[in-house]
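Next comes model.tsv, a file with TSV, C-alpha atoms.
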chain	number	residue	atom	x	y	z
A	47	MET	CA	81.99	114.56	61.71
A	48	HIS	CA	85.54	115.54	62.61
A	49	ARG	CA	84.79	115.70	66.31
A	50	LEU	CA	83.03	112.32	66.26
A	51	PHE	CA	85.51	110.53	63.99
A	52	PRO	CA	88.94	112.21	64.19
A	53	LYS	CA	90.74	109.01	63.17
A	54	GLU	CA	88.94	109.04	59.80
A	55	MET	CA	90.14	112.54	58.87
A	56	PRO	CA	93.60	111.72	57.44
A	57	ALA	CA	92.11	109.09	55.11
A	58	LEU	CA	89.21	111.39	54.21
A	59	LEU	CA	91.63	114.19	53.31
A	60	ILE	CA	93.60	111.80	51.09
A	61	TYR	CA	90.37	110.70	49.42
A	62	LEU	CA	89.32	114.31	48.83
A	63	GLN	CA	92.68	115.10	47.23
A	64	GLN	CA	92.48	112.01	45.03
A	65	SER	CA	89.02	113.13	43.92
A	66	CYS	CA	90.39	116.59	43.13
A	67	LYS	CA	93.25	115.10	41.14
A	68	ASP	CA	90.96	112.77	39.19
A	69	LEU	CA	88.61	115.62	38.33
A	70	SER	CA	91.50	117.80	37.18
A	71	ASP	CA	93.47	115.11	35.34
A	72	ASN	CA	90.41	113.76	33.53
A	73	ARG	CA	88.53	117.00	33.10
A	74	GLU	CA	87.52	116.48	29.48
A	75	GLN	CA	86.03	113.08	30.21
A	76	HIS	CA	84.22	114.44	33.27
A	77	ARG	CA	83.03	117.48	31.33
A	78	LYS	CA	81.60	115.25	28.58
A	79	ASN	CA	79.77	113.06	31.10
A	80	TRP	CA	78.58	115.91	33.31
A	81	GLY	CA	74.84	115.63	33.93
A	82	GLN	CA	72.19	117.82	35.40
A	83	GLU	CA	74.01	118.96	38.53
A	84	TYR	CA	73.54	121.99	40.76
A	85	PHE	CA	76.91	123.28	39.56
A	86	THR	CA	78.35	123.54	36.09
A	87	PHE	CA	81.38	121.35	35.52
A	88	ASP	CA	83.69	124.39	35.56
A	89	ALA	CA	82.25	125.57	38.87
A	90	TRP	CA	82.66	122.08	40.34
A	91	LEU	CA	86.24	121.86	39.08
A	92	ASN	CA	86.94	125.24	40.66
A	93	LEU	CA	85.58	124.00	44.00
A	94	ALA	CA	87.78	120.92	43.72
A	95	LEU	CA	90.88	123.00	42.99
A	96	GLN	CA	90.11	125.34	45.90
A	97	THR	CA	89.59	122.36	48.20
A	98	ASN	CA	92.87	120.82	47.09
A	99	LEU	CA	94.77	124.05	47.78
A	100	LEU	CA	93.26	124.29	51.26
A	101	ILE	CA	94.18	120.69	52.05
A	102	GLU	CA	97.74	121.20	50.79
A	103	LYS	CA	98.13	124.37	52.83
A	104	HIS	CA	96.56	123.12	56.08
A	105	ARG	CA	96.83	119.31	55.92
A	106	ASP	CA	98.22	118.67	59.40
A	107	GLN	CA	95.91	121.15	61.09
A	108	LEU	CA	92.87	119.87	59.15
A	109	ALA	CA	93.59	116.33	60.32
A	110	LYS	CA	94.09	117.34	63.95
A	111	SER	CA	91.59	120.12	64.61
A	112	CYS	CA	87.85	120.06	64.06
A	113	HIS	CA	87.87	123.85	64.31
A	114	VAL	CA	90.42	124.26	61.51
A	115	PHE	CA	88.59	121.66	59.42
A	116	ALA	CA	85.33	123.56	59.80
A	117	ASP	CA	86.88	127.01	59.30
A	118	GLN	CA	88.80	126.06	56.17
A	119	LEU	CA	86.50	123.59	54.41
A	120	CYS	CA	82.98	124.23	55.65
A	121	PHE	CA	82.38	127.98	55.58
A	122	SER	CA	82.58	128.56	51.84
A	123	TYR	CA	81.23	126.94	48.71
A	124	THR	CA	83.94	124.28	49.04
A	125	VAL	CA	81.61	122.65	51.57
A	126	ALA	CA	79.54	121.32	48.64
A	127	PHE	CA	82.56	119.46	47.27
A	128	VAL	CA	83.64	118.31	50.75
A	129	ASN	CA	80.16	117.06	51.67
A	130	ARG	CA	79.86	115.06	48.46
A	131	GLY	CA	83.34	113.68	49.13
A	132	ILE	CA	82.33	112.62	52.64
A	133	ILE	CA	79.33	110.75	51.23
A	134	GLN	CA	81.45	109.05	48.57
A	135	TYR	CA	84.22	108.23	51.05
A	136	ALA	CA	81.69	106.61	53.39
A	137	GLY	CA	80.22	104.56	50.55
A	138	GLN	CA	83.43	103.51	48.82
A	139	ILE	CA	86.41	103.56	51.19
A	140	CYS	CA	85.51	103.76	54.87
A	141	THR	CA	85.25	100.56	56.90
A	142	ASP	CA	83.99	102.16	60.13
A	143	GLU	CA	80.33	101.21	60.34
A	144	LYS	CA	79.59	104.01	62.82
A	145	PHE	CA	81.01	106.59	60.40
A	146	LYS	CA	78.92	105.15	57.59
A	147	LEU	CA	75.80	105.28	59.76
A	148	ALA	CA	76.53	108.88	60.78
A	149	VAL	CA	76.88	109.88	57.13
A	150	GLU	CA	73.62	108.11	56.33
A	151	LEU	CA	71.85	109.97	59.13
A	152	LEU	CA	73.37	113.40	58.51
A	153	TYR	CA	73.79	113.58	54.75
A	154	LYS	CA	71.17	111.40	53.11

Please, can you express the file's structure as structure tokens?
Amino acid sequence: MHRLFPKEMPALLIYLQQSCKDLSDNREQHRKNWGQEYFTFDAWLNLALQTNLLIEKHRDQLAKSCHVFADQLCFSYTVAFVNRGIIQYAGQICTDEKFKLAVELLYK
């Protein structure tokens, strides 16, 4: 996705961090509403916190380099959080129809 849509990456990273912050700030509400997911709420929160730390540490490089993006966010369990964030970003925020179509083809 990064290689195909590099201009979307800064906004995607912001969206991922906002998602991390929401999950952390409203953890009790999210915990109460947590359904039958593949991860427990605590595991999901941990992935969000790890993702947030990686974005804070490597923000500029993540936005600029598809290799750094892949190395830092896609080769650990954080990829589950990132992939869900990509799907949500495409459905809620993104206005690029080609990006939305790519997400539909690759992730759904």

- Task: To one decimal in Å, tell me the separation between CA of Ala109 in chain A and CA of Met55 in chain A.
- Result: 5.3 Å

- Test item: residues at most 10 Å from Phe51 in chain A, all atoms listed in the file, excluding those fewer than 4 positions along its chain, as number ranges by chain: A: 47, 55, 112, 142, 144-145, 148

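With all atoms listed in the file as the atoms that count, the minimum distance from Leu100 in chain A to the choices A:Thr86, A:Asn129, A:Gln75, A:Gln63 is reached by A:Gln63.
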
- Task: Tell me which of A:Ala89, A:Val114, A:Leu50, A:Leu58 sits closest to Thr141 in chain A, counting only C-alpha atoms.
- Result: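 Ranked by minimum distance to Thr141 in chain A, first place goes to A:Leu58.
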
- Select, counting only C-alpha atoms, all protein, DNA and RNA residues no farther than 8 Å from (75.3, 107.0, 51.4) in file coordinates, and express the selection as a list in words.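 Here the neighbourhood of the point contains Ile133, Gln134, Ala136, Gly137, Lys146, Val149, Glu150, Tyr153 and Lys154 of chain A.
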
- Query: Which residues come within 9 Å of Ala126 in chain A, counting only C-alpha atoms, excluding same-chain residues fewer than 4 positions away, as a PyMOL selection string?
  - Reply: chain A and resi 90+93+120+122+130-131

- Smallest atom-to-atom distance to Cys140 in chain A: which of A:Gln118, A:Tyr61, A:Leu91, A:Thr97, using all atoms listed in the file?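 Ranking A:Gln118, A:Tyr61, A:Leu91, A:Thr97 by distance to Cys140 in chain A, first place goes to A:Tyr61.
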